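Student: So that you have it, the file is protein_2.cif, and it contains mmCIF, C-alpha atoms and all ligand atoms; chains and numbers go by the auth columns:
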data_coords
#
loop_
_atom_site.group_PDB
_atom_site.id
_atom_site.type_symbol
_atom_site.label_atom_id
_atom_site.label_comp_id
_atom_site.label_asym_id
_atom_site.label_seq_id
_atom_site.Cartn_x
_atom_site.Cartn_y
_atom_site.Cartn_z
_atom_site.B_iso_or_equiv
_atom_site.auth_seq_id
_atom_site.auth_asym_id
ATOM 1 C CA MET A 1 -24.896 19.948 -44.870 0.00 1 A
ATOM 2 C CA PHE A 2 -24.147 23.599 -44.444 0.00 2 A
ATOM 3 C CA LEU A 3 -21.034 24.072 -42.375 0.00 3 A
ATOM 4 C CA ASP A 4 -20.803 27.390 -40.603 0.00 4 A
ATOM 5 C CA LEU A 5 -17.155 28.143 -39.938 0.00 5 A
ATOM 6 C CA ASN A 6 -17.730 31.654 -38.762 0.00 6 A
ATOM 7 C CA PRO A 7 -16.882 31.900 -35.066 0.00 7 A
ATOM 8 C CA ASP A 8 -18.158 35.465 -34.914 0.00 8 A
ATOM 9 C CA ARG A 9 -21.730 34.639 -35.758 0.00 9 A
ATOM 10 C CA TYR A 10 -23.387 35.164 -32.433 0.00 10 A
ATOM 11 C CA TRP A 11 -25.870 37.786 -33.440 0.00 11 A
ATOM 12 C CA ASP A 12 -28.532 38.029 -36.070 0.00 12 A
ATOM 13 C CA GLU A 13 -26.660 39.115 -39.131 0.00 13 A
ATOM 14 C CA PRO A 14 -28.395 38.549 -42.453 0.00 14 A
ATOM 15 C CA ALA A 15 -25.631 39.855 -44.698 0.00 15 A
ATOM 16 C CA ALA A 16 -22.348 37.984 -44.712 0.00 16 A
ATOM 17 C CA CYS A 17 -19.423 38.806 -46.945 0.00 17 A
ATOM 18 C CA LYS A 18 -19.181 36.302 -49.813 0.00 18 A
ATOM 19 C CA SER A 19 -15.414 36.184 -49.463 0.00 19 A
ATOM 20 C CA CYS A 20 -14.511 36.066 -45.793 0.00 20 A
ATOM 21 C CA LYS A 21 -17.991 35.014 -44.590 0.00 21 A
ATOM 22 C CA ARG A 22 -17.869 37.561 -41.792 0.00 22 A
ATOM 23 C CA PRO A 23 -20.892 39.733 -41.115 0.00 23 A
ATOM 24 C CA ILE A 24 -21.119 43.012 -42.932 0.00 24 A
ATOM 25 C CA LEU A 25 -21.878 45.719 -40.417 0.00 25 A
ATOM 26 C CA SER A 26 -23.377 49.075 -41.215 0.00 26 A
ATOM 27 C CA GLU A 27 -20.072 50.853 -40.686 0.00 27 A
ATOM 28 C CA HIS A 28 -18.279 48.630 -43.204 0.00 28 A
ATOM 29 C CA ALA A 29 -17.717 49.772 -46.747 0.00 29 A
ATOM 30 C CA THR A 30 -19.230 47.289 -49.146 0.00 30 A
ATOM 31 C CA GLU A 31 -19.159 46.358 -52.791 0.00 31 A
ATOM 32 C CA GLN A 32 -21.843 44.542 -54.690 0.00 32 A
ATOM 33 C CA LEU A 33 -20.406 42.203 -57.284 0.00 33 A
ATOM 34 C CA GLU A 34 -22.670 41.633 -60.263 0.00 34 A
ATOM 35 C CA LEU A 35 -21.202 39.456 -62.946 0.00 35 A
ATOM 36 C CA PRO A 36 -23.359 38.239 -65.798 0.00 36 A
ATOM 37 C CA PHE A 37 -24.605 34.690 -65.866 0.00 37 A
ATOM 38 C CA ASP A 38 -21.804 32.568 -67.245 0.00 38 A
ATOM 39 C CA THR A 39 -22.294 28.857 -67.762 0.00 39 A
ATOM 40 C CA GLN A 40 -18.697 28.197 -68.709 0.00 40 A
ATOM 41 C CA HIS A 41 -16.886 29.734 -65.748 0.00 41 A
ATOM 42 C CA LYS A 42 -19.780 30.128 -63.340 0.00 42 A
ATOM 43 C CA LEU A 43 -18.603 33.649 -62.583 0.00 43 A
ATOM 44 C CA HIS A 44 -22.086 34.621 -61.487 0.00 44 A
ATOM 45 C CA GLU A 45 -21.629 32.383 -58.483 0.00 45 A
ATOM 46 C CA MET A 46 -19.279 35.033 -57.106 0.00 46 A
ATOM 47 C CA ASN A 47 -22.058 37.595 -57.187 0.00 47 A
ATOM 48 C CA GLY A 48 -23.103 39.050 -53.894 0.00 48 A
ATOM 49 C CA ILE A 49 -22.208 41.523 -51.258 0.00 49 A
ATOM 50 C CA TYR A 50 -18.600 41.853 -50.105 0.00 50 A
ATOM 51 C CA HIS A 51 -16.606 44.032 -47.813 0.00 51 A
ATOM 52 C CA ALA A 52 -14.970 46.646 -50.035 0.00 52 A
ATOM 53 C CA GLU A 53 -11.577 45.194 -49.142 0.00 53 A
ATOM 54 C CA CYS A 54 -12.619 41.632 -49.853 0.00 54 A
ATOM 55 C CA ALA A 55 -14.249 42.560 -53.154 0.00 55 A
ATOM 56 C CA ARG A 56 -11.125 44.102 -54.573 0.00 56 A
ATOM 57 C CA PRO A 57 -9.674 40.958 -56.236 0.00 57 A
ATOM 58 C CA TYR A 58 -13.084 39.984 -57.571 0.00 58 A
ATOM 59 C CA LEU A 59 -13.699 43.435 -58.961 0.00 59 A
ATOM 60 C CA SER A 60 -10.332 43.322 -60.718 0.00 60 A
ATOM 61 C CA ILE A 61 -11.359 40.050 -62.323 0.00 61 A
ATOM 62 C CA ALA A 62 -14.621 41.610 -63.442 0.00 62 A
ATOM 63 C CA LEU A 63 -12.838 44.650 -64.826 0.00 63 A
ATOM 64 C CA ALA A 64 -10.237 42.513 -66.575 0.00 64 A
ATOM 65 C CA LEU A 65 -12.917 40.408 -68.212 0.00 65 A
ATOM 66 C CA ALA A 66 -14.852 43.506 -69.236 0.00 66 A
ATOM 67 C CA ALA A 67 -11.651 44.953 -70.708 0.00 67 A
ATOM 68 C CA LEU A 68 -11.174 41.790 -72.719 0.00 68 A
ATOM 69 C CA GLY A 69 -14.599 42.384 -74.164 0.00 69 A
ATOM 70 C CA ARG A 70 -16.081 39.190 -72.806 0.00 70 A
ATOM 71 C CA PHE A 71 -19.018 40.964 -71.284 0.00 71 A
ATOM 72 C CA PRO A 72 -21.027 43.646 -72.981 0.00 72 A
ATOM 73 C CA HIS A 73 -21.994 46.369 -70.576 0.00 73 A
HETATM 74 ZN ZN ZN B . -15.204 40.224 -46.209 0.00 101 A
#
I need this file expressed as structure tokens, please.

Tutor:
Amino acid sequence: MFLDLNPDRYWDEPAACKSCKRPILSEHATEQLELPFDTQHKLHEMNGIYHAECARPYLSIALALAALGRFPH
């Protein structure tokens, strides 16, 4: 069962931040995380739209992995 823990969801908001689950409003800066499909670590499951602030740790992970040469790009 899907459990909605977001107390702020009282309007129609299709896009929710993957990290904090709060709605992403038009005035928010956003980041789209696009990691390649990865069966071992399931990194692609983190893919989605984030607030720019919330995406920061995930983007560092992506950059670190890219720097290690794990992902061709
Ligand atoms: Zn967020």

Student: Give the residue list for ligand ZN 101 (chain A) at 6 Å, counting all atoms listed in the file, as a list in words, sorted by chain and then by residue number.

Tutor: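 Listed by chain and ascending number, the contacts are Cys17, Ser19, Cys20, Arg22, Tyr50, His51 and Cys54 of chain A.
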
Student: Do you have the CA of Gln32 (chain A)-CA of Ile61 (chain A) distance handy?

Tutor: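 Here the two named atoms are 13.7 Å from each other.
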
Student: Residues near Met46 (chain A), anyone? I mean within 10 Å using only C-alpha atoms, not counting same-chain ones fewer than 2 positions away, as a PyMOL selection string.

Tutor: chain A and resi 18-19+33-35+42-44+48-50+55+58

Student: Would you translate the PyMOL selection byres (((chain A and resi 25) around 9) and not hetatm) into the concrete set of residues it matches in this file, as JSON, numbers by chain?

Tutor: {"A": [13, 15, 16, 23, 24, 26, 27, 28, 29]}

Student: Please indicate the distance in Å from CA of Thr30 (chain A) to CA of Ala62 (chain A), rounded to one decimal place.

Tutor: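 If I compute the distance from CA of Thr30 (chain A) to CA of Ala62 (chain A), I get 16.1 Å.
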
Student: Please, what is the axis-aligned box for every listed atom of region 23-30 of chain A with 6 Å on each side, as centre and edge lengths in Å to one decimal, as lines of an AutoDock Vina configuration file?

Tutor:
center_x = -20.5
center_y = 45.3
center_z = -44.8
size_x = 17.7
size_y = 23.1
size_z = 20.7

Student: What separation in Å, quoted to one decimal, exists between CA of Phe37 (chain A) and CA of Leu65 (chain A)?

Tutor: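 So the answer is 13.2 Å.
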
Student: If I only have part of region 58-72 of chain A, can you fill in N, CA and C atoms and write it as a PDB file, in the coordinates of the input?

Tutor:
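Saved as out.pdb:
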ATOM      1  N   TYR A  58     -11.985  40.408 -56.699  1.00  0.00           N
ATOM      2  CA  TYR A  58     -13.084  39.984 -57.571  1.00  0.00           C
ATOM      3  C   TYR A  58     -13.441  41.082 -58.555  1.00  0.00           C
ATOM      4  N   LEU A  59     -13.394  42.320 -58.078  1.00  0.00           N
ATOM      5  CA  LEU A  59     -13.699  43.435 -58.961  1.00  0.00           C
ATOM      6  C   LEU A  59     -12.639  43.559 -60.041  1.00  0.00           C
ATOM      7  N   SER A  60     -11.381  43.262 -59.690  1.00  0.00           N
ATOM      8  CA  SER A  60     -10.332  43.322 -60.718  1.00  0.00           C
ATOM      9  C   SER A  60     -10.580  42.270 -61.776  1.00  0.00           C
ATOM     10  N   ILE A  61     -11.035  41.098 -61.358  1.00  0.00           N
ATOM     11  CA  ILE A  61     -11.359  40.050 -62.323  1.00  0.00           C
ATOM     12  C   ILE A  61     -12.464  40.541 -63.247  1.00  0.00           C
ATOM     13  N   ALA A  62     -13.494  41.134 -62.644  1.00  0.00           N
ATOM     14  CA  ALA A  62     -14.621  41.610 -63.442  1.00  0.00           C
ATOM     15  C   ALA A  62     -14.165  42.673 -64.427  1.00  0.00           C
ATOM     16  N   LEU A  63     -13.321  43.591 -63.954  1.00  0.00           N
ATOM     17  CA  LEU A  63     -12.838  44.650 -64.826  1.00  0.00           C
ATOM     18  C   LEU A  63     -11.963  44.083 -65.936  1.00  0.00           C
ATOM     19  N   ALA A  64     -11.116  43.107 -65.582  1.00  0.00           N
ATOM     20  CA  ALA A  64     -10.237  42.513 -66.575  1.00  0.00           C
ATOM     21  C   ALA A  64     -11.059  41.820 -67.649  1.00  0.00           C
ATOM     22  N   LEU A  65     -12.088  41.109 -67.239  1.00  0.00           N
ATOM     23  CA  LEU A  65     -12.917  40.408 -68.212  1.00  0.00           C
ATOM     24  C   LEU A  65     -13.663  41.394 -69.089  1.00  0.00           C
ATOM     25  N   ALA A  66     -14.136  42.488 -68.471  1.00  0.00           N
ATOM     26  CA  ALA A  66     -14.852  43.506 -69.236  1.00  0.00           C
ATOM     27  C   ALA A  66     -13.895  44.135 -70.247  1.00  0.00           C
ATOM     28  N   ALA A  67     -12.636  44.347 -69.831  1.00  0.00           N
ATOM     29  CA  ALA A  67     -11.651  44.953 -70.708  1.00  0.00           C
ATOM     30  C   ALA A  67     -11.342  44.035 -71.889  1.00  0.00           C
ATOM     31  N   LEU A  68     -11.421  42.741 -71.652  1.00  0.00           N
ATOM     32  CA  LEU A  68     -11.174  41.790 -72.719  1.00  0.00           C
ATOM     33  C   LEU A  68     -12.368  41.673 -73.669  1.00  0.00           C
ATOM     34  N   GLY A  69     -13.438  42.367 -73.294  1.00  0.00           N
ATOM     35  CA  GLY A  69     -14.599  42.384 -74.164  1.00  0.00           C
ATOM     36  C   GLY A  69     -15.468  41.152 -74.038  1.00  0.00           C
ATOM     37  N   ARG A  70     -15.269  40.397 -72.977  1.00  0.00           N
ATOM     38  CA  ARG A  70     -16.081  39.190 -72.806  1.00  0.00           C
ATOM     39  C   ARG A  70     -17.523  39.542 -72.489  1.00  0.00           C
ATOM     40  N   PHE A  71     -17.676  40.630 -71.724  1.00  0.00           N
ATOM     41  CA  PHE A  71     -19.018  40.964 -71.284  1.00  0.00           C
ATOM     42  C   PHE A  71     -19.442  42.312 -71.834  1.00  0.00           C
ATOM     43  N   PRO A  72     -20.485  42.355 -72.564  1.00  0.00           N
ATOM     44  CA  PRO A  72     -21.027  43.646 -72.981  1.00  0.00           C
ATOM     45  C   PRO A  72     -21.626  44.367 -71.772  1.00  0.00           C
TER      46      PRO A  72
END
